[in-house]
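final-v8.txt, holding compact mmCIF, N, CA and C atoms:
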```txt
# COMPACT_ATOMS: atom_id res chain seq x y z
N MET A 16 -19.72 -153.93 -28.42
CA MET A 16 -19.74 -154.73 -27.20
C MET A 16 -20.80 -154.18 -26.25
N ARG A 17 -21.63 -155.04 -25.77
CA ARG A 17 -22.72 -154.64 -24.88
C ARG A 17 -22.20 -154.47 -23.45
N ARG A 18 -22.58 -153.36 -22.82
CA ARG A 18 -22.18 -153.10 -21.43
C ARG A 18 -23.06 -153.89 -20.48
N MET A 19 -22.43 -154.43 -19.45
CA MET A 19 -23.19 -155.12 -18.41
C MET A 19 -23.71 -154.08 -17.43
N ALA A 20 -24.90 -154.29 -16.94
CA ALA A 20 -25.49 -153.38 -15.96
C ALA A 20 -25.07 -153.79 -14.56
N PHE A 21 -24.61 -152.83 -13.77
CA PHE A 21 -24.23 -153.06 -12.39
C PHE A 21 -24.95 -152.05 -11.51
N GLY A 22 -25.27 -152.45 -10.31
CA GLY A 22 -25.88 -151.55 -9.35
C GLY A 22 -25.50 -151.98 -7.94
N PHE A 23 -25.46 -151.03 -7.04
CA PHE A 23 -25.13 -151.32 -5.65
C PHE A 23 -26.32 -152.00 -4.99
N GLU A 24 -26.07 -153.10 -4.25
CA GLU A 24 -27.17 -153.83 -3.63
C GLU A 24 -27.16 -153.75 -2.12
N HIS A 25 -26.01 -154.00 -1.46
CA HIS A 25 -26.02 -153.98 0.00
C HIS A 25 -24.62 -153.92 0.59
N ILE A 26 -24.58 -153.60 1.88
CA ILE A 26 -23.39 -153.72 2.73
C ILE A 26 -23.66 -154.92 3.63
N HIS A 27 -22.71 -155.81 3.76
CA HIS A 27 -22.89 -157.00 4.61
C HIS A 27 -21.85 -156.97 5.72
N LEU A 28 -22.34 -156.90 6.96
CA LEU A 28 -21.47 -156.91 8.13
C LEU A 28 -21.65 -158.21 8.87
N ILE A 29 -20.57 -158.77 9.39
CA ILE A 29 -20.63 -159.96 10.23
C ILE A 29 -20.33 -159.50 11.65
N ALA A 30 -21.17 -159.90 12.58
CA ALA A 30 -21.07 -159.39 13.96
C ALA A 30 -21.14 -160.54 14.95
N PRO A 31 -20.45 -160.40 16.08
CA PRO A 31 -20.53 -161.43 17.11
C PRO A 31 -21.94 -161.54 17.70
N ASP A 32 -22.66 -160.42 17.78
CA ASP A 32 -24.04 -160.41 18.24
C ASP A 32 -24.85 -159.64 17.19
N TYR A 33 -25.28 -160.34 16.17
CA TYR A 33 -25.90 -159.67 15.02
C TYR A 33 -27.17 -158.90 15.39
N ARG A 34 -27.92 -159.40 16.35
CA ARG A 34 -29.14 -158.70 16.76
C ARG A 34 -28.80 -157.37 17.43
N ALA A 35 -27.81 -157.38 18.33
CA ALA A 35 -27.41 -156.14 19.02
C ALA A 35 -26.84 -155.13 18.02
N THR A 36 -26.06 -155.61 17.06
CA THR A 36 -25.50 -154.72 16.05
C THR A 36 -26.62 -154.11 15.21
N ALA A 37 -27.55 -154.91 14.76
CA ALA A 37 -28.68 -154.39 13.98
C ALA A 37 -29.47 -153.38 14.79
N GLN A 38 -29.69 -153.67 16.06
CA GLN A 38 -30.46 -152.76 16.91
C GLN A 38 -29.74 -151.43 17.09
N TRP A 39 -28.41 -151.43 17.11
CA TRP A 39 -27.63 -150.18 17.21
C TRP A 39 -27.97 -149.28 16.01
N TYR A 40 -27.97 -149.85 14.81
CA TYR A 40 -28.28 -149.06 13.62
C TYR A 40 -29.72 -148.55 13.65
N VAL A 41 -30.62 -149.33 14.21
CA VAL A 41 -32.01 -148.88 14.38
C VAL A 41 -32.07 -147.74 15.38
N ASP A 42 -31.47 -147.94 16.55
CA ASP A 42 -31.57 -146.96 17.64
C ASP A 42 -30.82 -145.67 17.38
N TYR A 43 -29.63 -145.75 16.79
CA TYR A 43 -28.79 -144.56 16.67
C TYR A 43 -28.85 -143.87 15.31
N LEU A 44 -29.08 -144.64 14.24
CA LEU A 44 -29.08 -144.01 12.92
C LEU A 44 -30.43 -144.11 12.21
N GLY A 45 -31.42 -144.67 12.87
CA GLY A 45 -32.76 -144.68 12.31
C GLY A 45 -33.03 -145.74 11.25
N ALA A 46 -32.23 -146.81 11.24
CA ALA A 46 -32.47 -147.89 10.28
C ALA A 46 -33.82 -148.55 10.57
N ARG A 47 -34.31 -149.26 9.57
CA ARG A 47 -35.57 -150.00 9.69
C ARG A 47 -35.28 -151.46 9.38
N ILE A 48 -35.73 -152.36 10.26
CA ILE A 48 -35.56 -153.79 10.01
C ILE A 48 -36.52 -154.21 8.91
N VAL A 49 -35.97 -154.84 7.87
CA VAL A 49 -36.76 -155.27 6.72
C VAL A 49 -37.14 -156.75 6.86
N GLU A 50 -36.18 -157.57 7.26
CA GLU A 50 -36.46 -158.99 7.43
C GLU A 50 -35.36 -159.65 8.26
N GLU A 51 -35.69 -160.80 8.80
CA GLU A 51 -34.72 -161.64 9.49
C GLU A 51 -34.82 -163.02 8.87
N TYR A 52 -33.67 -163.64 8.59
CA TYR A 52 -33.70 -164.92 7.90
C TYR A 52 -32.46 -165.75 8.22
N GLN A 53 -32.48 -167.01 7.82
CA GLN A 53 -31.34 -167.91 7.94
C GLN A 53 -31.05 -168.48 6.56
N ALA A 54 -29.75 -168.52 6.22
CA ALA A 54 -29.34 -169.06 4.91
C ALA A 54 -27.86 -169.41 4.96
N PHE A 55 -27.48 -170.44 4.27
CA PHE A 55 -26.08 -170.80 4.11
C PHE A 55 -25.32 -170.97 5.42
N GLY A 56 -26.00 -171.36 6.48
CA GLY A 56 -25.33 -171.60 7.75
C GLY A 56 -25.16 -170.38 8.63
N PHE A 57 -25.85 -169.28 8.35
CA PHE A 57 -25.78 -168.12 9.23
C PHE A 57 -27.16 -167.49 9.38
N SER A 58 -27.32 -166.72 10.45
CA SER A 58 -28.55 -165.95 10.68
C SER A 58 -28.27 -164.51 10.30
N SER A 59 -29.28 -163.83 9.77
CA SER A 59 -29.07 -162.48 9.26
C SER A 59 -30.30 -161.61 9.45
N ILE A 60 -30.05 -160.32 9.62
CA ILE A 60 -31.09 -159.31 9.65
C ILE A 60 -30.79 -158.32 8.53
N ALA A 61 -31.80 -158.02 7.73
CA ALA A 61 -31.67 -157.02 6.68
C ALA A 61 -32.27 -155.71 7.18
N LEU A 62 -31.52 -154.63 6.97
CA LEU A 62 -31.95 -153.30 7.38
C LEU A 62 -32.04 -152.39 6.17
N ASP A 63 -32.86 -151.38 6.28
CA ASP A 63 -32.85 -150.27 5.33
C ASP A 63 -32.37 -149.07 6.13
N LEU A 64 -31.23 -148.54 5.74
CA LEU A 64 -30.64 -147.39 6.42
C LEU A 64 -30.41 -146.29 5.39
N MET A 65 -31.25 -145.27 5.41
CA MET A 65 -31.13 -144.15 4.49
C MET A 65 -31.11 -144.64 3.04
N ASN A 66 -32.01 -145.58 2.74
CA ASN A 66 -32.15 -146.18 1.41
C ASN A 66 -30.94 -147.03 1.01
N VAL A 67 -30.15 -147.46 1.95
CA VAL A 67 -29.07 -148.41 1.71
C VAL A 67 -29.43 -149.70 2.42
N ARG A 68 -29.38 -150.81 1.71
CA ARG A 68 -29.66 -152.12 2.30
C ARG A 68 -28.41 -152.60 3.03
N MET A 69 -28.60 -152.98 4.29
CA MET A 69 -27.52 -153.57 5.09
C MET A 69 -27.95 -154.96 5.52
N ARG A 70 -27.03 -155.89 5.49
CA ARG A 70 -27.27 -157.23 6.01
C ARG A 70 -26.27 -157.44 7.14
N ILE A 71 -26.78 -157.81 8.29
CA ILE A 71 -25.93 -158.04 9.45
C ILE A 71 -26.14 -159.49 9.87
N SER A 72 -25.04 -160.25 9.92
CA SER A 72 -25.13 -161.68 10.11
C SER A 72 -24.19 -162.19 11.18
N THR A 73 -24.47 -163.43 11.59
CA THR A 73 -23.54 -164.18 12.42
C THR A 73 -22.46 -164.75 11.49
N PRO A 74 -21.32 -165.17 12.04
CA PRO A 74 -20.38 -165.92 11.20
C PRO A 74 -21.06 -167.23 10.75
N VAL A 75 -20.60 -167.78 9.65
CA VAL A 75 -21.11 -169.07 9.19
C VAL A 75 -20.84 -170.10 10.27
N ASP A 76 -21.80 -170.99 10.51
CA ASP A 76 -21.66 -172.01 11.55
C ASP A 76 -20.29 -172.67 11.49
N GLY A 77 -19.63 -172.75 12.65
CA GLY A 77 -18.36 -173.44 12.76
C GLY A 77 -17.13 -172.61 12.41
N HIS A 78 -17.32 -171.39 11.92
CA HIS A 78 -16.19 -170.54 11.56
C HIS A 78 -15.87 -169.57 12.69
N SER A 79 -14.59 -169.42 12.99
CA SER A 79 -14.19 -168.38 13.94
C SER A 79 -13.52 -167.28 13.14
N LEU A 80 -13.66 -166.07 13.60
CA LEU A 80 -13.13 -164.92 12.88
C LEU A 80 -12.15 -164.16 13.76
N PRO A 81 -11.19 -163.47 13.14
CA PRO A 81 -10.28 -162.64 13.93
C PRO A 81 -11.03 -161.44 14.51
N GLY A 82 -10.41 -160.76 15.44
CA GLY A 82 -11.01 -159.57 16.03
C GLY A 82 -11.12 -158.43 15.04
N THR A 83 -11.64 -157.31 15.51
CA THR A 83 -11.84 -156.14 14.66
C THR A 83 -10.82 -155.07 15.02
N THR A 84 -10.73 -154.06 14.19
CA THR A 84 -9.87 -152.91 14.48
C THR A 84 -10.57 -151.65 13.99
N ILE A 85 -10.40 -150.59 14.73
CA ILE A 85 -10.92 -149.29 14.32
C ILE A 85 -9.88 -148.54 13.50
N GLU A 86 -8.65 -149.04 13.50
CA GLU A 86 -7.56 -148.39 12.78
C GLU A 86 -7.75 -148.53 11.27
N THR A 87 -7.18 -147.61 10.51
CA THR A 87 -7.21 -147.70 9.06
C THR A 87 -6.51 -148.98 8.64
N HIS A 88 -7.10 -149.68 7.68
CA HIS A 88 -6.56 -150.96 7.24
C HIS A 88 -6.93 -151.19 5.78
N TYR A 89 -6.29 -152.18 5.17
CA TYR A 89 -6.64 -152.52 3.79
C TYR A 89 -8.05 -153.09 3.75
N GLY A 90 -8.68 -152.98 2.62
CA GLY A 90 -10.07 -153.42 2.49
C GLY A 90 -10.99 -152.24 2.75
N ILE A 91 -12.18 -152.51 3.16
CA ILE A 91 -13.14 -151.44 3.41
C ILE A 91 -12.74 -150.72 4.69
N ASP A 92 -12.50 -149.43 4.58
CA ASP A 92 -12.08 -148.60 5.72
C ASP A 92 -13.29 -148.07 6.49
N HIS A 93 -14.29 -147.64 5.77
CA HIS A 93 -15.49 -147.08 6.41
C HIS A 93 -16.59 -147.00 5.35
N PHE A 94 -17.79 -146.67 5.79
CA PHE A 94 -18.83 -146.30 4.85
C PHE A 94 -19.45 -145.01 5.35
N GLY A 95 -20.04 -144.25 4.41
CA GLY A 95 -20.54 -142.92 4.76
C GLY A 95 -21.99 -142.73 4.38
N PHE A 96 -22.64 -141.89 5.17
CA PHE A 96 -24.04 -141.56 4.93
C PHE A 96 -24.21 -140.05 4.91
N MET A 97 -24.89 -139.55 3.89
CA MET A 97 -25.21 -138.14 3.78
C MET A 97 -26.39 -137.85 4.72
N VAL A 98 -26.26 -136.82 5.53
CA VAL A 98 -27.32 -136.47 6.49
C VAL A 98 -27.62 -134.98 6.40
N ASP A 99 -28.74 -134.60 6.95
CA ASP A 99 -29.08 -133.19 7.14
C ASP A 99 -28.92 -132.89 8.62
N GLY A 100 -28.41 -131.72 8.97
CA GLY A 100 -28.25 -131.35 10.37
C GLY A 100 -27.14 -132.12 11.06
N LEU A 101 -25.98 -132.15 10.45
CA LEU A 101 -24.86 -132.95 10.95
C LEU A 101 -24.47 -132.57 12.38
N GLU A 102 -24.30 -131.30 12.65
CA GLU A 102 -23.89 -130.87 14.00
C GLU A 102 -24.87 -131.36 15.06
N ALA A 103 -26.17 -131.18 14.81
CA ALA A 103 -27.19 -131.61 15.77
C ALA A 103 -27.19 -133.12 15.92
N MET A 104 -27.03 -133.84 14.81
CA MET A 104 -27.03 -135.29 14.87
C MET A 104 -25.84 -135.79 15.69
N VAL A 105 -24.68 -135.23 15.46
CA VAL A 105 -23.49 -135.65 16.20
C VAL A 105 -23.64 -135.32 17.69
N SER A 106 -24.22 -134.19 17.99
CA SER A 106 -24.46 -133.82 19.38
C SER A 106 -25.37 -134.85 20.06
N ARG A 107 -26.45 -135.23 19.37
CA ARG A 107 -27.37 -136.24 19.93
C ARG A 107 -26.67 -137.59 20.12
N LEU A 108 -25.87 -137.99 19.14
CA LEU A 108 -25.15 -139.26 19.23
C LEU A 108 -24.16 -139.25 20.39
N GLU A 109 -23.41 -138.15 20.52
CA GLU A 109 -22.46 -138.02 21.64
C GLU A 109 -23.18 -138.09 22.97
N HIS A 110 -24.29 -137.40 23.07
CA HIS A 110 -25.08 -137.38 24.30
C HIS A 110 -25.54 -138.80 24.67
N ARG A 111 -25.77 -139.63 23.67
CA ARG A 111 -26.21 -141.01 23.90
C ARG A 111 -25.03 -141.98 24.05
N GLY A 112 -23.80 -141.45 24.05
CA GLY A 112 -22.63 -142.29 24.32
C GLY A 112 -21.88 -142.80 23.11
N VAL A 113 -22.25 -142.36 21.92
CA VAL A 113 -21.52 -142.78 20.71
C VAL A 113 -20.20 -142.02 20.65
N GLU A 114 -19.12 -142.75 20.39
CA GLU A 114 -17.79 -142.13 20.33
C GLU A 114 -17.60 -141.45 18.98
N VAL A 115 -17.22 -140.17 19.02
CA VAL A 115 -16.89 -139.43 17.81
C VAL A 115 -15.39 -139.56 17.61
N LEU A 116 -15.00 -140.14 16.48
CA LEU A 116 -13.59 -140.37 16.18
C LEU A 116 -12.94 -139.13 15.58
N VAL A 117 -13.67 -138.44 14.71
CA VAL A 117 -13.21 -137.19 14.10
C VAL A 117 -14.37 -136.22 14.19
N GLN A 118 -14.16 -135.10 14.86
CA GLN A 118 -15.21 -134.10 15.04
C GLN A 118 -15.61 -133.50 13.70
N VAL A 119 -16.77 -132.87 13.68
CA VAL A 119 -17.28 -132.24 12.46
C VAL A 119 -16.25 -131.23 11.96
N GLN A 120 -15.94 -131.34 10.68
CA GLN A 120 -14.99 -130.43 10.06
C GLN A 120 -15.29 -130.31 8.58
N GLU A 121 -14.78 -129.24 7.99
CA GLU A 121 -14.96 -129.04 6.55
C GLU A 121 -13.95 -129.91 5.81
N ALA A 122 -14.45 -130.81 4.98
CA ALA A 122 -13.57 -131.66 4.16
C ALA A 122 -13.12 -130.91 2.92
N ARG A 123 -14.02 -130.13 2.37
CA ARG A 123 -13.76 -129.25 1.23
C ARG A 123 -14.91 -128.26 1.20
N PRO A 124 -14.76 -127.17 0.47
CA PRO A 124 -15.86 -126.21 0.44
C PRO A 124 -17.18 -126.88 0.07
N GLY A 125 -18.18 -126.67 0.90
CA GLY A 125 -19.50 -127.22 0.64
C GLY A 125 -19.75 -128.60 1.22
N LEU A 126 -18.77 -129.16 1.96
CA LEU A 126 -18.96 -130.50 2.52
C LEU A 126 -18.33 -130.61 3.89
N ASN A 127 -19.16 -130.88 4.90
CA ASN A 127 -18.67 -131.15 6.26
C ASN A 127 -18.78 -132.65 6.52
N ILE A 128 -17.83 -133.17 7.30
CA ILE A 128 -17.82 -134.59 7.61
C ILE A 128 -17.46 -134.82 9.08
N CYS A 129 -17.73 -136.00 9.56
CA CYS A 129 -17.19 -136.48 10.83
C CYS A 129 -17.22 -138.00 10.78
N TYR A 130 -16.50 -138.62 11.71
CA TYR A 130 -16.48 -140.07 11.82
C TYR A 130 -16.93 -140.47 13.21
N ILE A 131 -17.73 -141.53 13.28
CA ILE A 131 -18.14 -142.08 14.56
C ILE A 131 -17.76 -143.56 14.61
N ARG A 132 -17.68 -144.08 15.84
CA ARG A 132 -17.43 -145.51 16.02
C ARG A 132 -18.78 -146.21 16.10
N GLY A 133 -19.00 -147.12 15.17
CA GLY A 133 -20.20 -147.94 15.18
C GLY A 133 -19.93 -149.22 15.96
N PRO A 134 -20.91 -150.09 16.01
CA PRO A 134 -20.71 -151.35 16.73
C PRO A 134 -19.63 -152.19 16.05
N ASP A 135 -18.97 -153.01 16.84
CA ASP A 135 -17.93 -153.91 16.34
C ASP A 135 -16.80 -153.16 15.64
N ASP A 136 -16.47 -151.95 16.15
CA ASP A 136 -15.38 -151.13 15.65
C ASP A 136 -15.52 -150.73 14.18
N THR A 137 -16.74 -150.53 13.74
CA THR A 137 -16.98 -150.07 12.38
C THR A 137 -16.86 -148.55 12.35
N ARG A 138 -16.05 -148.04 11.41
CA ARG A 138 -15.93 -146.59 11.22
C ARG A 138 -17.03 -146.13 10.28
N ILE A 139 -17.81 -145.15 10.74
CA ILE A 139 -18.91 -144.62 9.94
C ILE A 139 -18.68 -143.13 9.74
N GLU A 140 -18.71 -142.71 8.49
CA GLU A 140 -18.58 -141.29 8.17
C GLU A 140 -19.98 -140.71 7.98
N LEU A 141 -20.20 -139.56 8.57
CA LEU A 141 -21.43 -138.80 8.35
C LEU A 141 -21.05 -137.54 7.60
N LEU A 142 -21.77 -137.24 6.54
CA LEU A 142 -21.45 -136.12 5.67
C LEU A 142 -22.66 -135.21 5.52
N GLU A 143 -22.40 -133.92 5.34
CA GLU A 143 -23.49 -132.98 5.07
C GLU A 143 -23.01 -131.94 4.07
N GLN A 144 -23.81 -131.76 3.02
CA GLN A 144 -23.52 -130.69 2.09
C GLN A 144 -23.97 -129.38 2.71
N THR A 145 -23.09 -128.38 2.61
CA THR A 145 -23.42 -127.08 3.23
C THR A 145 -23.68 -126.03 2.18
```
If you took the structure in this file and wrote it as structure tokens, what would it be?
Amino acid sequence: MRRMAFGFEHIHLIAPDYRATAQWYVDYLGARIVEEYQAFGFSSIALDLMNVRMRISTPVDGHSLPGTTIETHYGIDHFGFMVDGLEAMVSRLEHRGVEVLVQVQEARPGLNICYIRGPDDTRIELLEQT
């Protein structure tokens, strides 16, 4: 039996103000805007963030969505990015007003983590190998 090839392509976030959300990732985490487009009844911005493709869109025309929650919930809980200089990065983010949900701590030997609040109550984990 032949195996099918699979690969990770993108994270897709829906935001009430997709431009402001995309700009947050540019300003705070160093993302790069790749393109802006419209398709299937929504507007979207594609970002490259640490070699991960992100798509941030409006809701599909005419659809209303429930609110967001920062609390742990079923489905995608958070996404994480490996960084260098975690302590310094978190300090800079805090200084710029980003809320740190879980301070830098050792998750296991050789790995430090923390969680920050991203736009639209998105939980983002930052990780650093030590």
Residues within 5 Å of range 114-120 of chain A, please, as a list of chain:residue names. Count all atoms listed in the file; anything in the same chain fewer than 6 positions from it doesn't count.
A:Asn127, A:Ile128, A:Cys129, A:Tyr130, A:Ile131, A:Arg132
So, counting only C-alpha atoms, which residue among A:Met104, A:Asp136, A:Asp99, A:Leu141 is closest to Glu86 in chain A?
A:Asp136
Give me, as a ChimeraX atom specification, all polymer residues having an atom no more than 7 Å from Asp92 in chain A, counting all atoms listed in the file and skipping those fewer than 5 positions away in the same chain.
/A:87,137-139
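Near Asp32 in chain A, within 8 Å and counting all atoms listed in the file, sit Ile29, Ala30, Arg34, Ala35, Thr36, Ala37, Gln38, Ile71, Ser72, Thr73 and Pro74 of chain A; same-chain residues fewer than 2 positions away were not included.
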DSSP says strand (DSSP E or B) for which residues of chain A? Put them as a PyMOL selection string?
chain A and resi 26-29+47-54+57-64+67-72+94-97+115-123+126-132+138-144
